[in-house]
Amino acid sequence: MNRLSPLDRLADQLRESYSQWWDSVVDPREPYWDDSQTWLPLAAGDSAAIAHGCPNSDAQLAEIRGQCRLLALENEFAINGHENRVSYIVGPGHTYRATVRKGQRARSELVAEVQRTIDEFIELNGWHRRQQEIVRRRDRDGEAFLRFFSSRDGTLRVRFIEPDQIITPSDRASDSMARLGILTDRDDVETVRGYFVDGRLIDAAEIQHRKANVDANVRRGLPLFYPVRKNLRRAEKLLRNMSVVAEIQSAIALIRKHRQGTAAGVQQFVLNGTDCVPPTANAGGSTAPIRRYGPGTILDAHAGIEYDFPASGIDASNFVTVLQAELRAIASRLVMPEFMLTSDASNSNYASTMVAEGPAMRMFERLQAEQVRDDLPVMWRAVGAAIEAGLLPADVRRTIDIQAAPPSPCMRDQLKDAQRRKIEHIAGILSPQTWSQLAGLDYDQEQANFATHRT
């Protein structure tokens, strides 16, 4: 027989003495928990980030990003919101057209060469699909990082950098200019010198950083659903609980009472109808019957046992109003009609919410304009790569301009639009090229099609 050492005996005595107190121990961090999520402490450092409640460390940023990525992966309402924003901001993709800059003169051949460069860049990088991913990443992570690679043949390739790759190296942790993976000017946080990618400093000229939902002097962006992440989780749980209640109510058909039966007899009756009887984890190795409550379940009770089903008096449909209130709060964050989040148009008039002057359309047009402002420098990078390779003259930017046209998010009367554009064309204020662009067509390609058709 093994004898316990004095230290082991003391440890056993302490465990016995304190075992009764474990359940009453208070976690000192409990005041900092809300809806199963901890508060994010704000440390001293970036005053702009602290003032706006933004993360002030790589760990805080990763925690926020992880929460919102999980919502984008699992929460059906968040997924719908992300997809609708991609559809209305990007749609099938923006169109880009090279034109002669205002007040300048340029050969038509030069315009065609620049247009060819843009078209080749779009095809090489799958730009329209990449546009959609940019919007999704920017909404999901609060930012999107694009890195550019120029080749000697004049082509430009674009690749994404994951946000968690942008981290300040440990040896630069005390450097006030290098925070959250971004190296800035000492006196101007908006002047970015470079990005720390996997610990290596990359020049800012090689990377485009598109951040969202923060001020210009905040280094990193915040995810779209960060302010309403708790609403999304509550909506998901409420929908789950409503479904469970309805499932239980519909599954149990009746309760069969054995008024003359004993407890042992009813127990044996239940065991006979059990799906399986696995051993439990207790020391005695006893068994516990397990039974699935499928549709039409019948419960058996012996004399003296009464069953009370609180859920039987609950109308789960009454909670739909509460669910709709949560979803409206989320939709208000997106400045979108509720049906864009729920796919339920029963409470909305599509025609009235998708007009040009509606708040949602104003918001989408603003987001599209922001997307265009970020995309045009990318197109010019493609042209710049061709200039460096000697494929285009160095003064292209002085004489050539690039125009971008996003798809219209508004619900329009196409016949009236065509009539208005025809009047503008006859009046000399709308060119056939711009008309084609507004219609989502390539003017040069359409003219070539006409020539082919005539022959």
# chains A, B, ... in the order shown; residues from 1 in each chain; ligands from 1
$ select_by_dssp --residues "stretch 34-153 of chain A" --states "helix (DSSP H, G or I)" --output "MDAnalysis selection string"
chainID A and resid 47:51 58:74 76:89 108:125 127:141
$ residues_around --residues "A:Arg333" --least-positions-apart "3" --cutoff "12 Å" --atoms "only C-alpha atoms" --output "ChimeraX atom specification"
/A:78,81,213,223-229,231-232,326-330,336-338,341,360,363
$ closest_residue --among "A:Val378, A:Ala325, A:Leu156, A:Ala204" --to "A:Ile402" --atoms "only C-alpha atoms"
A:Val378
$ closest_residue --among "A:Gly384, A:Pro163, A:Gly93, A:Pro55" --to "A:Ala404" --atoms "only C-alpha atoms"
A:Gly93
$ closest_residue --among "A:Glu424, A:Asp139, A:Glu388, A:Asp215" --to "A:Arg152" --atoms "only C-alpha atoms"
A:Glu388
$ residues_around --residues "stretch 121-137 of chain A" --least-positions-apart "3" --cutoff "6 Å" --atoms "only C-alpha atoms" --output "list of chain:residue names"
A:Val86, A:Gly93, A:Ile118, A:Arg140, A:Asp141, A:Ala144
$ residues_around --residues "A:Arg398" --least-positions-apart "2" --cutoff "10 Å" --atoms "only C-alpha atoms" --output "ChimeraX atom specification"
/A:100-102,104-106,394-396,400-401
$ write_last_selection --atoms "N, CA, C and O atoms" --output "PDB file, in the first residue's frame"
ATOM      1  N   VAL A 100      -9.069  61.900 -73.558  1.00  0.00           N
ATOM      2  CA  VAL A 100      -8.159  63.039 -73.655  1.00  0.00           C
ATOM      3  C   VAL A 100      -8.462  63.983 -72.491  1.00  0.00           C
ATOM      4  O   VAL A 100      -9.624  64.320 -72.241  1.00  0.00           O
ATOM      5  N   ARG A 101      -7.437  64.396 -71.780  1.00  0.00           N
ATOM      6  CA  ARG A 101      -7.614  65.285 -70.642  1.00  0.00           C
ATOM      7  C   ARG A 101      -8.160  66.633 -71.108  1.00  0.00           C
ATOM      8  O   ARG A 101      -7.828  67.117 -72.209  1.00  0.00           O
ATOM      9  N   LYS A 102      -8.974  67.237 -70.269  1.00  0.00           N
ATOM     10  CA  LYS A 102      -9.604  68.506 -70.611  1.00  0.00           C
ATOM     11  C   LYS A 102      -8.551  69.568 -70.920  1.00  0.00           C
ATOM     12  O   LYS A 102      -7.603  69.764 -70.168  1.00  0.00           O
ATOM     13  N   GLN A 104      -6.452  69.507 -73.376  1.00  0.00           N
ATOM     14  CA  GLN A 104      -5.254  68.942 -74.004  1.00  0.00           C
ATOM     15  C   GLN A 104      -5.606  68.321 -75.354  1.00  0.00           C
ATOM     16  O   GLN A 104      -6.766  68.089 -75.667  1.00  0.00           O
ATOM     17  N   ARG A 105      -4.566  68.025 -76.104  1.00  0.00           N
ATOM     18  CA  ARG A 105      -4.724  67.335 -77.382  1.00  0.00           C
ATOM     19  C   ARG A 105      -3.863  66.085 -77.349  1.00  0.00           C
ATOM     20  O   ARG A 105      -2.738  66.106 -76.849  1.00  0.00           O
ATOM     21  N   ALA A 106      -4.385  65.000 -77.885  1.00  0.00           N
ATOM     22  CA  ALA A 106      -3.634  63.741 -77.895  1.00  0.00           C
ATOM     23  C   ALA A 106      -4.066  62.913 -79.093  1.00  0.00           C
ATOM     24  O   ALA A 106      -5.207  63.009 -79.567  1.00  0.00           O
ATOM     25  N   ALA A 394       6.357  59.108 -71.584  1.00  0.00           N
ATOM     26  CA  ALA A 394       6.432  59.544 -70.188  1.00  0.00           C
ATOM     27  C   ALA A 394       5.409  60.616 -69.845  1.00  0.00           C
ATOM     28  O   ALA A 394       5.071  60.793 -68.659  1.00  0.00           O
ATOM     29  N   ASP A 395       4.922  61.377 -70.842  1.00  0.00           N
ATOM     30  CA  ASP A 395       3.998  62.481 -70.550  1.00  0.00           C
ATOM     31  C   ASP A 395       2.537  62.086 -70.702  1.00  0.00           C
ATOM     32  O   ASP A 395       1.673  62.947 -70.937  1.00  0.00           O
ATOM     33  N   VAL A 396       2.249  60.793 -70.583  1.00  0.00           N
ATOM     34  CA  VAL A 396       0.867  60.324 -70.774  1.00  0.00           C
ATOM     35  C   VAL A 396      -0.086  61.003 -69.808  1.00  0.00           C
ATOM     36  O   VAL A 396      -1.191  61.427 -70.184  1.00  0.00           O
ATOM     37  N   ILE A 400      -3.614  62.501 -71.012  1.00  0.00           N
ATOM     38  CA  ILE A 400      -4.645  61.463 -70.950  1.00  0.00           C
ATOM     39  C   ILE A 400      -5.266  61.435 -69.558  1.00  0.00           C
ATOM     40  O   ILE A 400      -4.596  61.629 -68.545  1.00  0.00           O
ATOM     41  N   ASP A 401      -6.553  61.193 -69.524  1.00  0.00           N
ATOM     42  CA  ASP A 401      -7.277  61.040 -68.254  1.00  0.00           C
ATOM     43  C   ASP A 401      -7.967  59.680 -68.250  1.00  0.00           C
ATOM     44  O   ASP A 401      -8.233  59.105 -69.317  1.00  0.00           O
TER      45      ASP A 401
END
$ atom_distance --atom1 "atom CA of A:Asn241" --atom2 "atom CA of A:Val320"
11.4 Å
$ atom_distance --atom1 "atom CA of A:Asp58" --atom2 "atom CA of A:Glu206"
22.1 Å
